[in-house]
There are 2 protein chains.
Amino acid sequence: MLDDRKLEVLCAIVEDYVRTHEPVGSKTLVERHHLGVSSATVRNDMAALEEDGLIAQPHTSAGRIPTDKGYRLFVDNLTGIKPLTRAEKRAIATFLQGAVDLDDVIHRSVRLLAQLTQQVAIVQYPTLSRSTVRHVEVVALTPTRLLLVLITSAGRVEQRVVELPTPLDDDVISDLRARLNVAAVGQRLVDAAHRVSALPETFRPPDVAVIAQLVAVFTEAVADERTDEKVAIGGTANLMRFGDEFDRSIKPLLEALEEHVVLLKLLGEATSPSTVTVRIGHEVPHEQLGAASIVATGYGPGDRTLASLAVVGPTRMDYPGSMAAVYAVARYVSQILADA
Amino acid sequence: MLDDRKLEVLCAIVEDYVRTHEPVGSKTLVERHHLGVSSATVRNDMAALEEDGLIAQPHTSAGRIPTDKGYRLFVDNLTGIKPLTRAEKRAIATFLQGAVDLDDVIHRSVRLLAQLTQQVAIVQYPTLSRSTVRHVEVVALTPTRLLLVLITSAGRVEQRVVELPTPLDDDVISDLRARLNVAAVGQRLVDAAHRVSALPETFRPPDVAVIAQLVAVFTEAVADERTDEKVAIGGTANLMRFGDEFDRSIKPLLEALEEHVVLLKLLGEATSPSTVTVRIGHEVPHEQLGAASIVATGYGPGDRTLASLAVVGPTRMDYPGSMAAVYAVARYVSQILADA
DNA sequence: GATTGGCACTCGATGATCCCGAGTGCCAGA
DNA sequence: TCTGGCACTCGGGATCATCGAGTGCCAATC
């Protein structure tokens, strides 16, 4: 059923349509791509491809455009990830080099990815739940007010202000700080929360209640889903390029982009490192993004996956290019995290 | 020259045009607003207003639209800031209530402001240069690798990893930490940097060079403009509502929004708290934002101004509403910062 | 059997034309 | 100073004809 040549025709259609964004007809197709056959043959193939639901025509007597299913086949047929040019690699390296901060790394990555792909980029912060504790700090702001600071291995910093019913002595605080660190440092956050929750009992009676409260804040912060996952978005300006035509599908998309919660679900599933996940059109598990595709992958130091990053765009996007960019940026970010 | 009624006509034109977004003619004007005069009279007034450059007609035989100068006069003639409804106030309060973090406060504020005004919102993080040091922390990641954490009074956290040529003893680090805090806590950041730079000399010779390097990182981080100023943006989805018509002016605007540097200049000037600054069209000091207006104000605990927040939109925006929202959100954020 | 050239047909896009009506300026009269 | 009336303008929408890229199908050919 699916000839080698039919596949070739499909790919040609996808490429042309992605580039020109106009339905592509049999004649222009044989002109641009040197398939060694005539337009009539291509027409026959097109009819077959349409039969299989891989392409469609918006109106009778117009050219064909790929369907979601067509894009899917096209993507599945890509052999590996297209390597970036040397210039692109250098661009990535220099762009990410000066990063000074985890925040800085994330934001630079987002902008870089947006610029490389000319689409909307999303980078998730390293999830707390998959990180380990690097350091815990307790700072007395006032006698009854403590600042609890948690630094993860990936460099994320979480802080909470805790109001105490009664003041704590400075040496109790020092003691607490030391024990918190002993209990938590190096542990995954869930384990740390568990071990920390046993701490209050080891203090003298009058302080137990106060410290229990403080510890509760700690475990709560760790367990909270909303703080667990956090994303940065960039390149929304690139959505403008599809102005008129995507008018109705672009607005909900942008709105969805601001509803970070939605994104996290999308990213949450694409977590394998060194594998790039592509979701096309209706495959995206969100009804409002029907005309959008997502190219995502995981990143993290070594082979562990801490979080995901992705590119979102219209179904008619440059899949090979986006996949290459996503993959490359993920690798660089992973390396930076491994170094830091 | 500028009759009371002419002013009234101008305001009516502005209001109508902002609402309908269509050039408004004399007839429809007298229908909607019950000015006690006929359309012919309004026509005469309109001619005068056009003479003064306050309104213009896009084409002959079309209605009038306000010019930048017209909007300016309209805004200058507003008496005070329109108070928000009780429901809006409650919405603000509940929206910002659960904030747990400075980051959280900023992001919630941006989204809130965007939602209230249906425009693009920008909130600047409390500038480092105007903050004081709350706490300095030094964490040894490895023997030759320190993490320097700086927490400001407003809750901003800056961190830097420092590579050391030679390791430092734990007690030297403790000593350093203590002295850093003594020298810096409570100081404005510039002063802190100054005082901290005198520290290395007080250590024993072998450590002086190492500590000098560490201190250099500290002062550098404080002095760096890029880390000094930081902004969050939200509501870009709202730009879509002006799709076709603002097509050419909307794209550069969105791009400018991602070039944070530009924004900081815009915000940098609107720093008086309790005063709302409005920049209309060409008044905006950036050539690419010719068709945009900015409504900005400062915020900060008490009467000190730590940073700015603003709303950006097309010149034909709801100035009274935006001003009210900006003002209200700034007040709430200020209060939260004062509490924290 | 696959491929090709030819042909009639479809239908969206483009351009020309016309018409309408909201809006204007101006002027004479109240 | 305001108002009613009137002639004039001109952009937007509707209508219609044309054009051409594209299709499906069929008979002829390799």
# chains A, B, ... in the order shown; residues from 1 in each chain; ligands from 1
>>> interface_residues(of="chain B", to="chain C", cutoff="9 Å", atoms="only C-alpha atoms (C1' of nucleotides)", output="short mmCIF file (atom, residue, chain, number, x, y, z; two decimals) with C-alpha atoms, in the first residue's frame")
data_model
loop_
_atom_site.label_atom_id
_atom_site.label_comp_id
_atom_site.auth_asym_id
_atom_site.auth_seq_id
_atom_site.Cartn_x
_atom_site.Cartn_y
_atom_site.Cartn_z
CA GLY B 25 -19.06 60.90 14.13
CA SER B 26 -21.04 63.83 15.35
CA LYS B 27 -24.39 62.19 15.03
CA ARG B 43 -19.38 69.30 14.32
CA THR B 60 -12.15 62.53 4.73
CA SER B 61 -15.78 61.85 5.43
CA ALA B 62 -15.07 59.51 8.30
CA GLY B 63 -15.52 60.10 12.01
#
>>> select_by_dssp(residues="region 133-293 of chain A", states="alpha helix (DSSP H)", output="number ranges by chain")
A: 170-184, 189-196, 205-223, 225-228, 247-258, 260-268
>>> interface_residues(of="chain D", to="chain B", cutoff="9 Å", atoms="only C-alpha atoms (C1' of nucleotides)", output="list in words")
DC2, DT3, DG4, DT9, DC10 and DG11 of chain D
>>> write_last_selection(atoms="N, CA and C atoms (P, O5', C5', C4', C3', O3' and C1' of nucleotides)", output="compact mmCIF listing (two decimals), in the first residue's frame")
# COMPACT_ATOMS: atom_id res chain seq x y z
P DC D 2 -22.77 77.74 21.14
O5' DC D 2 -24.11 77.18 20.50
C5' DC D 2 -25.34 77.36 21.21
C4' DC D 2 -26.50 77.13 20.28
C3' DC D 2 -26.54 75.73 19.64
O3' DC D 2 -27.81 75.17 19.85
C1' DC D 2 -26.82 77.41 17.99
P DT D 3 -28.05 73.62 19.51
O5' DT D 3 -28.85 73.69 18.15
C5' DT D 3 -30.06 74.44 18.10
C4' DT D 3 -30.58 74.47 16.68
C3' DT D 3 -30.60 73.11 15.97
O3' DT D 3 -31.88 72.87 15.45
C1' DT D 3 -29.58 74.75 14.61
P DG D 4 -32.40 71.39 15.27
O5' DG D 4 -32.91 71.43 13.76
C5' DG D 4 -33.69 72.55 13.32
C4' DG D 4 -33.53 72.71 11.83
C3' DG D 4 -33.54 71.39 11.04
O3' DG D 4 -34.49 71.50 9.99
C1' DG D 4 -31.62 72.66 10.48
P DT D 9 -17.47 66.33 -4.32
O5' DT D 9 -16.65 65.53 -3.21
C5' DT D 9 -16.93 65.81 -1.84
C4' DT D 9 -16.13 64.89 -0.95
C3' DT D 9 -15.33 63.79 -1.63
O3' DT D 9 -14.18 63.55 -0.86
C1' DT D 9 -17.02 62.81 -0.29
P DC D 10 -12.90 62.82 -1.46
O5' DC D 10 -13.06 61.39 -0.82
C5' DC D 10 -13.41 61.28 0.57
C4' DC D 10 -13.79 59.86 0.88
C3' DC D 10 -13.11 58.82 -0.02
O3' DC D 10 -12.76 57.73 0.78
C1' DC D 10 -15.41 58.50 -0.07
P DG D 11 -11.40 57.00 0.61
O5' DG D 11 -11.59 55.82 1.65
C5' DG D 11 -12.01 56.12 2.98
C4' DG D 11 -12.93 55.04 3.50
C3' DG D 11 -12.46 53.61 3.22
O3' DG D 11 -12.77 52.80 4.34
C1' DG D 11 -14.58 53.98 2.21
>>> closest_residue(among="B:Thr315, B:Ala154, B:Leu180, B:Val217", to="Thr202 (chain B)", atoms="only C-alpha atoms")
B:Leu180
>>> residues_around(residues="Ala99 (chain A)", least_positions_apart="4", cutoff="8 Å", atoms="only C-alpha atoms (C1' of nucleotides)", output="list in words")
Asp104, Val105 and Arg108 of chain A
>>> interface_residues(of="chain A", to="chain B", cutoff="6 Å", atoms="only C-alpha atoms", output="list in words")
Ala237, Leu254 and Glu255 of chain A
>>> write_last_selection(atoms="N, CA and C atoms", output="PDB file, in the first residue's frame")
ATOM      1  N   ALA A 237       6.326  36.201  20.893  1.00  0.00           N
ATOM      2  CA  ALA A 237       6.295  37.105  19.747  1.00  0.00           C
ATOM      3  C   ALA A 237       6.267  36.317  18.440  1.00  0.00           C
ATOM      4  N   LEU A 254      -2.139  30.944  23.219  1.00  0.00           N
ATOM      5  CA  LEU A 254      -1.421  31.893  24.060  1.00  0.00           C
ATOM      6  C   LEU A 254      -1.980  31.900  25.473  1.00  0.00           C
ATOM      7  N   GLU A 255      -3.291  31.794  25.557  1.00  0.00           N
ATOM      8  CA  GLU A 255      -3.887  31.776  26.888  1.00  0.00           C
ATOM      9  C   GLU A 255      -3.458  30.539  27.651  1.00  0.00           C
TER      10      GLU A 255
END
>>> residues_around(residues="Val123 (chain A)", least_positions_apart="5", cutoff="9 Å", atoms="only C-alpha atoms (C1' of nucleotides)", output="PyMOL selection string")
chain A and resi 106-107+109-110+230-234+267+307-311
>>> residues_around(residues="Thr132 (chain A)", least_positions_apart="6", cutoff="8 Å", atoms="only C-alpha atoms (C1' of nucleotides)", output="ChimeraX atom specification")
/A:152-154,185-189
>>> residues_around(residues="Met317 (chain B)", least_positions_apart="3", cutoff="8 Å", atoms="only C-alpha atoms (C1' of nucleotides)", output="PyMOL selection string")
chain B and resi 18+293+313-314+322
>>> atom_distance(atom1="CA of Tyr299 (chain A)", atom2="CA of Val162 (chain B)")
24.0 Å
>>> select_by_dssp(residues="region 111-241 of chain B", states="strand (DSSP E or B)", output="PyMOL selection string")
chain B and resi 120-124+132-142+145-152+157-163+185+188+231-234
>>> residues_around(residues="Leu164 (chain A)", least_positions_apart="3", cutoff="9 Å", atoms="only C-alpha atoms (C1' of nucleotides)", output="short mmCIF file (atom, residue, chain, number, x, y, z; two decimals) with N, CA and C atoms, in the first residue's frame")
data_model
loop_
_atom_site.label_atom_id
_atom_site.label_comp_id
_atom_site.auth_asym_id
_atom_site.auth_seq_id
_atom_site.Cartn_x
_atom_site.Cartn_y
_atom_site.Cartn_z
N PRO A 143 12.89 38.22 66.29
CA PRO A 143 12.84 37.10 67.24
C PRO A 143 11.74 36.08 66.93
N THR A 144 10.61 36.53 66.41
CA THR A 144 9.51 35.58 66.18
C THR A 144 9.29 35.32 64.70
N ARG A 145 10.31 35.57 63.91
CA ARG A 145 10.11 35.45 62.48
C ARG A 145 11.33 34.83 61.86
N LEU A 146 11.16 33.66 61.28
CA LEU A 146 12.31 32.98 60.68
C LEU A 146 12.14 32.89 59.17
N PRO A 167 9.42 33.24 70.73
CA PRO A 167 10.78 33.34 70.17
C PRO A 167 11.65 32.13 70.49
N LEU A 168 12.67 31.94 69.68
CA LEU A 168 13.64 30.86 69.91
C LEU A 168 15.01 31.48 70.21
N VAL A 210 7.16 24.80 68.71
CA VAL A 210 7.59 25.83 67.76
C VAL A 210 8.33 25.19 66.60
N ILE A 211 9.23 24.29 66.95
CA ILE A 211 10.04 23.68 65.89
C ILE A 211 9.20 22.76 65.02
N GLN A 213 6.26 23.32 64.18
CA GLN A 213 5.59 24.20 63.23
C GLN A 213 6.52 24.56 62.07
N LEU A 214 7.75 24.83 62.44
CA LEU A 214 8.74 25.20 61.44
C LEU A 214 8.98 24.05 60.48
#
>>> atom_distance(atom1="CA of Val295 (chain A)", atom2="CA of Thr277 (chain A)")
5.8 Å
>>> decode(residues="region 151-215 of chain B", atoms="C-alpha atoms", output="mmCIF file, in the first residue's frame")
data_model
loop_
_atom_site.group_PDB
_atom_site.id
_atom_site.type_symbol
_atom_site.label_atom_id
_atom_site.label_comp_id
_atom_site.auth_asym_id
_atom_site.auth_seq_id
_atom_site.Cartn_x
_atom_site.Cartn_y
_atom_site.Cartn_z
ATOM 1 C CA ILE B 151 19.006 37.597 50.461
ATOM 2 C CA THR B 152 17.662 41.124 50.297
ATOM 3 C CA SER B 153 15.129 42.804 52.508
ATOM 4 C CA ALA B 154 12.508 42.499 49.795
ATOM 5 C CA GLY B 155 13.051 38.774 49.589
ATOM 6 C CA ARG B 156 15.121 38.567 46.449
ATOM 7 C CA VAL B 157 17.653 35.786 46.450
ATOM 8 C CA GLU B 158 20.811 35.982 44.390
ATOM 9 C CA GLN B 159 23.289 33.150 44.277
ATOM 10 C CA ARG B 160 26.679 32.618 42.722
ATOM 11 C CA VAL B 161 28.951 29.646 42.559
ATOM 12 C CA VAL B 162 32.577 30.495 43.216
ATOM 13 C CA GLU B 163 35.458 28.271 42.177
ATOM 14 C CA LEU B 164 38.368 28.565 44.560
ATOM 15 C CA PRO B 165 41.986 27.931 43.586
ATOM 16 C CA THR B 166 42.720 26.432 47.015
ATOM 17 C CA PRO B 167 40.353 25.004 49.607
ATOM 18 C CA LEU B 168 39.322 26.871 52.732
ATOM 19 C CA ASP B 169 38.942 25.404 56.197
ATOM 20 C CA ASP B 170 35.443 25.034 57.526
ATOM 21 C CA ASP B 171 36.100 27.355 60.417
ATOM 22 C CA VAL B 172 37.486 29.985 58.100
ATOM 23 C CA ILE B 173 34.273 29.747 56.145
ATOM 24 C CA SER B 174 32.217 30.074 59.304
ATOM 25 C CA ASP B 175 34.274 33.051 60.269
ATOM 26 C CA LEU B 176 33.861 34.562 56.843
ATOM 27 C CA ARG B 177 30.132 34.006 56.922
ATOM 28 C CA ALA B 178 29.824 35.691 60.275
ATOM 29 C CA ARG B 179 31.887 38.671 59.273
ATOM 30 C CA LEU B 180 30.115 39.036 55.951
ATOM 31 C CA ASN B 181 26.820 39.220 57.769
ATOM 32 C CA VAL B 182 28.078 41.656 60.333
ATOM 33 C CA ALA B 183 29.409 43.875 57.606
ATOM 34 C CA ALA B 184 26.495 43.639 55.205
ATOM 35 C CA VAL B 185 23.218 42.950 56.965
ATOM 36 C CA GLY B 186 20.949 45.952 57.109
ATOM 37 C CA GLN B 187 23.096 47.923 54.680
ATOM 38 C CA ARG B 188 22.015 49.124 51.301
ATOM 39 C CA LEU B 189 23.703 46.976 48.715
ATOM 40 C CA VAL B 190 26.170 49.543 47.491
ATOM 41 C CA ASP B 191 27.290 50.266 51.015
ATOM 42 C CA ALA B 192 27.444 46.571 51.786
ATOM 43 C CA ALA B 193 29.681 45.948 48.804
ATOM 44 C CA HIS B 194 31.922 48.738 49.949
ATOM 45 C CA ARG B 195 32.196 47.496 53.503
ATOM 46 C CA VAL B 196 32.646 43.904 52.422
ATOM 47 C CA SER B 197 35.518 44.772 50.141
ATOM 48 C CA ALA B 198 37.594 45.684 53.190
ATOM 49 C CA LEU B 199 37.152 42.228 54.697
ATOM 50 C CA PRO B 200 39.894 40.116 53.095
ATOM 51 C CA GLU B 201 42.725 41.993 54.797
ATOM 52 C CA THR B 202 41.545 40.834 58.178
ATOM 53 C CA PHE B 203 42.202 37.192 57.367
ATOM 54 C CA ARG B 204 45.440 35.293 57.640
ATOM 55 C CA PRO B 205 47.782 35.663 54.654
ATOM 56 C CA PRO B 206 47.196 32.304 52.933
ATOM 57 C CA ASP B 207 43.457 32.895 52.819
ATOM 58 C CA VAL B 208 43.483 36.529 51.840
ATOM 59 C CA ALA B 209 43.722 35.981 48.091
ATOM 60 C CA VAL B 210 41.021 33.359 48.076
ATOM 61 C CA ILE B 211 38.670 35.425 50.129
ATOM 62 C CA ALA B 212 39.403 38.475 48.047
ATOM 63 C CA GLN B 213 38.214 36.536 45.045
ATOM 64 C CA LEU B 214 35.064 35.518 46.809
ATOM 65 C CA VAL B 215 34.380 39.038 47.897
#
